[in-house]
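Q: Sharing a structure with you now.
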Amino acid sequence: MTPVALLERTLRVFPNKIALIYGETRWTYQRLAEEVGRLAGALQRAGIQPGDRVAFLAPNIPELLVAHFAVLRVGAVLVAINTRLNAAEVGYILDHSGAKIVFCDTELAPQVADAPGGLAENPLLVNIEDPVAGFRGSPLDGPTYAEFVDAAPVLPISWAPDDEQDLTSLNYTSGTTGRPKGVMYTHRGAFLNALGEMIVHDLGRDTVYLWTLPLFHCNGWCFPWGVTGAGGTHVMLRAIEPAKILELIRQERVSHFNGAPTVLLMLSEAPEAQGVHFDPPIRVATGGAPPSPTILRRMEELGIRVTHLYGLTETYGPHVYCEMQASWEGLDPDGKARVMARQGVPYHHATHLRIVDDAMADVPADGETMGEVVMRGNNVMKGYFRDEEATKAAFAGGWFHSGDLGVVHEDGYIELRDRKKDIIISGGENISTIEVEHVVVTHPSVLEVAVVAMPHERWGEVPKAFVSLKPGKDLT
């Protein structure tokens with residue numbers, strides 16, 4: 001099993017179908033496969049060996065999509081870096097991963113050039129010039145992408161790794177609790193997760209997928225491989241601009257896109273979205289934070305059918321989704337939104353999911369007793385790169401510990417209540433920040449809210465809400 005096989009299959013079946021759209025660029029699958037083979041050949045020519053790490057710091061542009069196949073094709077390991085990190089964080093990831101080559105979009109070059117102390121491995125730096133953005137020149141001391149791949153041999157797509165447990169990529173977690181950790185993905189895990197996305201989100205030949213989700217985030221939840229395997233079309237998007245998203249949806253007849261609830265909120269509040277209702281509905285997967293019933297109800301008004309996902313970087317992105325039951329279809333908008341806000345049930349390939357207490361015993365399915373969400377299986381990471389201690393701690397008791405607290409309802413659907421470290425204990429009682437947020441955001445003047453714990457002399461802790469208002473609104 002390897003994600004590269006998904007491109008090989010689609011090349012055989014749909015060679016002349018449009019694979020990629022970006023500005024005026026339109027590639028068929030034949031052309032996409034050639035670009036993948038050319039980058040693979042250039043990497044091999046540059047001395048990249050199986051297991052070597054190849055880093056990309058770029059927005060959602062064609063070169064990064066190509067890398068999701070080309071780097072794997074030569075048995076190397078892709079390190080797609082969060083474009084919002086600062087120079088110190090980028091430098092740490094490049095040094096810790098031991099990247100041999102760094103491909104960098106010219107707009108993001110300062111994050112590499114200004115890395116404190118330089119780059120320990122002294123990698124080759126390659127400048128990606130994006131004509132859509134209008135950025136030209138080579139701010140880093142190295143060739144342009146075009147020069148790097150020029151006259152390189154085009155390797156055939158047909159290929160398989162020596163071992164399907166070999167690494168495809170390193171995805172670095174956020175550094176909120178210390179240095180970011182490199183989560184190791186395998187060919188088998190990435191292949192199975194791509195198949196899961198194809199099944200759950202009904203990806204097929206007619207899918208037109210808009211890249212609102214960052215490709216650097218859990219390898220785009222494995223959708224680069226899933227959309228390709230389904231024979232769908234990738235519509236690339238360099239930056240999140242609600243007006244541009246709405247334009248592309250109409251222009252390219254977009255059928256699917258993904259994003260965090262923040263992206264859905266931006267879209268729903270855009271002036272261009274007022275009075276809009278998409279028909280047929282657009283399928284959207286959201287995750288990264290629990291969406292409120294309020295935003296789910298607004299999406300339904302727009303003709304956007306939301307599938308709520310839950311997972312972590314350590315589970316290749318989504319592990320659980322809220323499967324719609326037929327009996328829910330007849331509920332009123334508020335009732336439907338409440339059940340759809342649950343995280344739900346495992347993907348077809350991810351059945352190993354539990355919510356447990358401190359003794360690793362399953363909590364009762366009463367919708368009230370909280371425990372920690374734990375998982376295991378092919379869709380869970382191989383471990384943390386060069387960090388055996390953290391890997392051992394994460395898999396205590398033979399299960400991956402998510403650090404998320406949730407409940408199990410009578411129907412078996414899980415619902416998150418908080419991060420283990422964020423739960424508020426007030427007067428000995430647990431308070432879920434998520435539940436409080438979902439109540440506050442129902443206020444018609446509230447745009448966003450985040451609830452945190454504040455020290456209190458009597459109760460120990462009490463909730464405090466940070467609220468941003470909708471334009472033109474005023475509250476005490």
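Following the order of the structure tokens, first chain is A, next is B, and so on, with residues numbered from 1 inside each chain and ligands from 1 in the order they appear.
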Contacts of Glu35 in chain A at 10 Å or less, counting only C-alpha atoms, minus same-chain residues fewer than 4 places along, as a PyMOL selection string?
A: chain A and resi 27+29-31+39-41+62-63+66-67+69-70+149+154-155
Q: Would you pick out the contacts of Pro242 in chain A at 10 Å or less, using only C-alpha atoms, so that residues sharing its chain but fewer than 5 positions from it are not included, and give the list as a PyMOL selection string?
A: chain A and resi 212+247-248+263-273
Q: Excluding Arg84 in chain A and residues on its chain fewer than 2 positions from it, collect all residues at most 10 Å away from it, counting only C-alpha atoms, and give them as a PyMOL selection string.
A: chain A and resi 57+59+81-82+86-87+89-90+108+111
Q: Looking only at the backbone, which of the residues in range 12-251 of chain A does DSSP tag as helix (DSSP H, G or I), as a ChimeraX atom specification?
A: /A:12-13,29-45,62-73,87-97,106-113,145-149,187-200,218-221,223-230,242-251
Q: Got a sec: who's within 8 Å of range 9-13 of chain A, counting only C-alpha atoms, leaving out chain neighbours fewer than 5 positions off, as a list in words?
A: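 Result of the neighbour search: Tyr29, Gln30, Ala33, Thr228, Gly229, Ala230 and Gly231 of chain A.
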Q: Restrict the selected residues to N, CA and C atoms and save them as a PDB file, in the first residue's frame.
A:
```pdb
ATOM      1  N   TYR A  29      -4.461  14.687 -15.846  1.00  0.00           N
ATOM      2  CA  TYR A  29      -3.729  13.728 -15.018  1.00  0.00           C
ATOM      3  C   TYR A  29      -2.449  13.263 -15.705  1.00  0.00           C
ATOM      4  N   GLN A  30      -2.444  13.245 -17.028  1.00  0.00           N
ATOM      5  CA  GLN A  30      -1.219  12.920 -17.740  1.00  0.00           C
ATOM      6  C   GLN A  30      -0.137  13.949 -17.423  1.00  0.00           C
ATOM      7  N   ALA A  33       1.041  13.663 -13.721  1.00  0.00           N
ATOM      8  CA  ALA A  33       1.965  12.542 -13.558  1.00  0.00           C
ATOM      9  C   ALA A  33       3.350  12.887 -14.101  1.00  0.00           C
ATOM     10  N   THR A 228      -7.118  12.543  -5.608  1.00  0.00           N
ATOM     11  CA  THR A 228      -6.413  11.989  -6.765  1.00  0.00           C
ATOM     12  C   THR A 228      -6.856  10.560  -7.036  1.00  0.00           C
ATOM     13  N   GLY A 229      -6.937   9.746  -5.984  1.00  0.00           N
ATOM     14  CA  GLY A 229      -7.363   8.362  -6.160  1.00  0.00           C
ATOM     15  C   GLY A 229      -8.764   8.247  -6.718  1.00  0.00           C
ATOM     16  N   ALA A 230      -9.611   9.222  -6.405  1.00  0.00           N
ATOM     17  CA  ALA A 230     -10.988   9.209  -6.898  1.00  0.00           C
ATOM     18  C   ALA A 230     -11.092   9.750  -8.321  1.00  0.00           C
ATOM     19  N   GLY A 231     -10.023  10.353  -8.810  1.00  0.00           N
ATOM     20  CA  GLY A 231     -10.071  10.952 -10.143  1.00  0.00           C
ATOM     21  C   GLY A 231     -10.719  12.315 -10.153  1.00  0.00           C
TER      22      GLY A 231
END
```
Q: Choose the residue, out of A:Leu6, A:Val374, A:Ile93, A:Val227, that has the smallest atom-to-atom separation from Arg179 in chain A; count only C-alpha atoms.
A: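 Closest residue, counting only C-alpha atoms: A:Ile93.
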Q: I'd like a table as CSV: residues in range 422-451 of chain A with an atom no more than 10 Å from range 409-417 of chain A, each row giving the shortest atom pair and its distance in Å to one decimal, only C-alpha atoms counted, sorted by chain and rising residue number.
A:
```
residue,atom,partner,partner_atom,distance
A:Asp422,CA,A:Arg417,CA,9.8
A:Ile423,CA,A:Arg417,CA,8.2
A:Ile431,CA,A:Arg417,CA,8.7
A:Ser432,CA,A:Arg417,CA,5.4
A:Thr433,CA,A:Arg417,CA,7.3
A:Ile434,CA,A:Arg417,CA,5.9
A:Glu435,CA,A:Arg417,CA,6.9
```
Q: Which residue is closest to Val4 in chain A? Choose from A:Val208, A:Trp225, A:Ser169, A:Ser174 and count only C-alpha atoms.
A: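 Going through A:Val208, A:Trp225, A:Ser169, A:Ser174 one by one, the smallest distance to Val4 in chain A is for A:Trp225.
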Q: At a cut-off of 10 Å, using only C-alpha atoms, what residues contact Tyr92 in chain A? Leave out same-chain residues fewer than 3 positions from it and give the result as a list in words.
A: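 The contact residues come out as Ala87, Ala88, Glu89, Asp95, His96, Ser97, Gly98, Ala115, Pro116, Gly118, Leu119, Ala120, Arg179 and Pro180 of chain A.
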Q: Next, write the just-selected residues to a file, as a compact mmCIF listing (two decimals), in the first residue's frame, keeping N, CA and C atoms as the atom set.
A:
```txt
# COMPACT_ATOMS: atom_id res chain seq x y z
N ALA A 87 10.41 32.28 12.12
CA ALA A 87 11.71 31.79 11.65
C ALA A 87 12.34 30.80 12.63
N ALA A 88 12.20 31.07 13.93
CA ALA A 88 12.79 30.17 14.93
C ALA A 88 12.14 28.79 14.87
N GLU A 89 10.82 28.76 14.72
CA GLU A 89 10.11 27.49 14.66
C GLU A 89 10.44 26.73 13.38
N ASP A 95 16.07 21.72 11.24
CA ASP A 95 17.22 21.08 11.90
C ASP A 95 16.84 19.73 12.49
N HIS A 96 15.70 19.67 13.17
CA HIS A 96 15.30 18.43 13.83
C HIS A 96 15.00 17.33 12.81
N SER A 97 14.39 17.70 11.70
CA SER A 97 14.07 16.69 10.67
C SER A 97 15.29 16.29 9.88
N GLY A 98 16.32 17.15 9.87
CA GLY A 98 17.52 16.86 9.07
C GLY A 98 17.24 16.96 7.59
N ALA A 115 16.27 32.07 10.04
CA ALA A 115 16.30 31.03 11.08
C ALA A 115 17.53 31.26 11.97
N PRO A 116 17.31 31.39 13.28
CA PRO A 116 18.43 31.70 14.20
C PRO A 116 19.56 30.69 14.10
N GLY A 118 21.35 29.86 11.69
CA GLY A 118 21.51 29.14 10.43
C GLY A 118 20.89 27.77 10.50
N LEU A 119 21.09 26.99 9.47
CA LEU A 119 20.51 25.65 9.37
C LEU A 119 21.63 24.62 9.53
N ALA A 120 21.52 23.81 10.57
CA ALA A 120 22.60 22.91 10.95
C ALA A 120 22.99 21.94 9.85
N ARG A 179 8.56 22.10 22.41
CA ARG A 179 9.02 22.00 21.04
C ARG A 179 8.06 21.14 20.22
N PRO A 180 7.82 21.51 18.96
CA PRO A 180 6.94 20.69 18.12
C PRO A 180 7.53 19.29 17.92
```
Q: Quick check for you: according to DSSP on this backbone, which residues of range 295-358 of chain A are classed as strand (DSSP E)? Reply as a PyMOL selection string.
A: chain A and resi 304-312+317-321+345-346+353-356
Q: Measure the distance from CA of Pro444 in chain A to CA of Val284 in chain A in Å and round it to one decimal.
A: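 We find that CA of Pro444 in chain A and CA of Val284 in chain A lie 24.0 Å from each other.
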Q: Show which residues sit within 7 Å of Thr307 in chain A, as a list of chain:residue names. Count only C-alpha atoms, and ignore same-chain residues fewer than 5 positions away.
A: A:Val284, A:Ala285, A:Thr286, A:Tyr321, A:Cys322
Q: Using only C-alpha atoms, determine which residues lie at most 10 Å from range 375-380 of chain A, disregarding the query and same-chain residues fewer than 4 positions distant; provide the list as an mmCIF file with C-alpha atoms, in the first residue's frame.
A:
```
data_model
loop_
_atom_site.group_PDB
_atom_site.id
_atom_site.type_symbol
_atom_site.label_atom_id
_atom_site.label_comp_id
_atom_site.auth_asym_id
_atom_site.auth_seq_id
_atom_site.Cartn_x
_atom_site.Cartn_y
_atom_site.Cartn_z
ATOM 1 C CA GLN A 165 5.566 0.800 6.976
ATOM 2 C CA VAL A 183 4.590 12.824 13.741
ATOM 3 C CA MET A 184 5.574 9.904 11.497
ATOM 4 C CA TYR A 185 3.146 8.776 8.766
ATOM 5 C CA THR A 186 3.599 5.541 6.790
ATOM 6 C CA ARG A 188 0.128 1.992 4.627
ATOM 7 C CA GLY A 189 -1.457 4.507 6.979
ATOM 8 C CA ALA A 190 -1.646 7.262 4.356
ATOM 9 C CA PHE A 191 -3.143 4.866 1.772
ATOM 10 C CA LEU A 192 -5.830 3.642 4.180
ATOM 11 C CA ASN A 193 -6.692 7.150 5.341
ATOM 12 C CA GLY A 196 -11.369 6.480 4.198
ATOM 13 C CA GLY A 311 -8.877 13.650 14.903
ATOM 14 C CA LEU A 312 -5.327 14.784 15.519
ATOM 15 C CA THR A 313 -2.064 15.120 13.665
ATOM 16 C CA GLU A 314 -1.205 11.775 15.261
ATOM 17 C CA THR A 315 -4.178 10.107 13.497
ATOM 18 C CA TYR A 316 -3.421 11.459 10.000
ATOM 19 C CA GLY A 317 -6.131 14.046 10.593
ATOM 20 C CA PRO A 318 -9.718 12.729 10.823
ATOM 21 C CA HIS A 319 -10.376 9.569 12.854
ATOM 22 C CA PRO A 346 -14.972 6.025 13.687
ATOM 23 C CA TYR A 347 -14.070 5.963 10.007
ATOM 24 C CA HIS A 349 -10.741 1.812 8.743
ATOM 25 C CA ALA A 350 -10.513 3.313 12.250
ATOM 26 C CA THR A 351 -12.711 1.136 14.458
ATOM 27 C CA HIS A 352 -10.352 1.187 17.447
ATOM 28 C CA LEU A 353 -11.786 4.086 19.461
ATOM 29 C CA ARG A 354 -12.621 4.264 23.166
ATOM 30 C CA ILE A 355 -13.284 6.789 25.924
ATOM 31 C CA PHE A 395 1.010 5.036 23.798
ATOM 32 C CA GLY A 398 -1.164 0.214 24.255
ATOM 33 C CA TRP A 399 -3.464 3.010 23.083
ATOM 34 C CA PHE A 400 -2.712 6.488 21.748
ATOM 35 C CA HIS A 401 -3.816 9.090 24.287
ATOM 36 C CA SER A 402 -5.425 12.076 22.572
#
```
Q: Between A:Lys100, A:His277, A:Arg305, A:His68, which residue has the minimum interatomic distance to His256 in chain A, considering only C-alpha atoms?
A: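 Distance minimum relative to His256 in chain A lands on A:Arg305.
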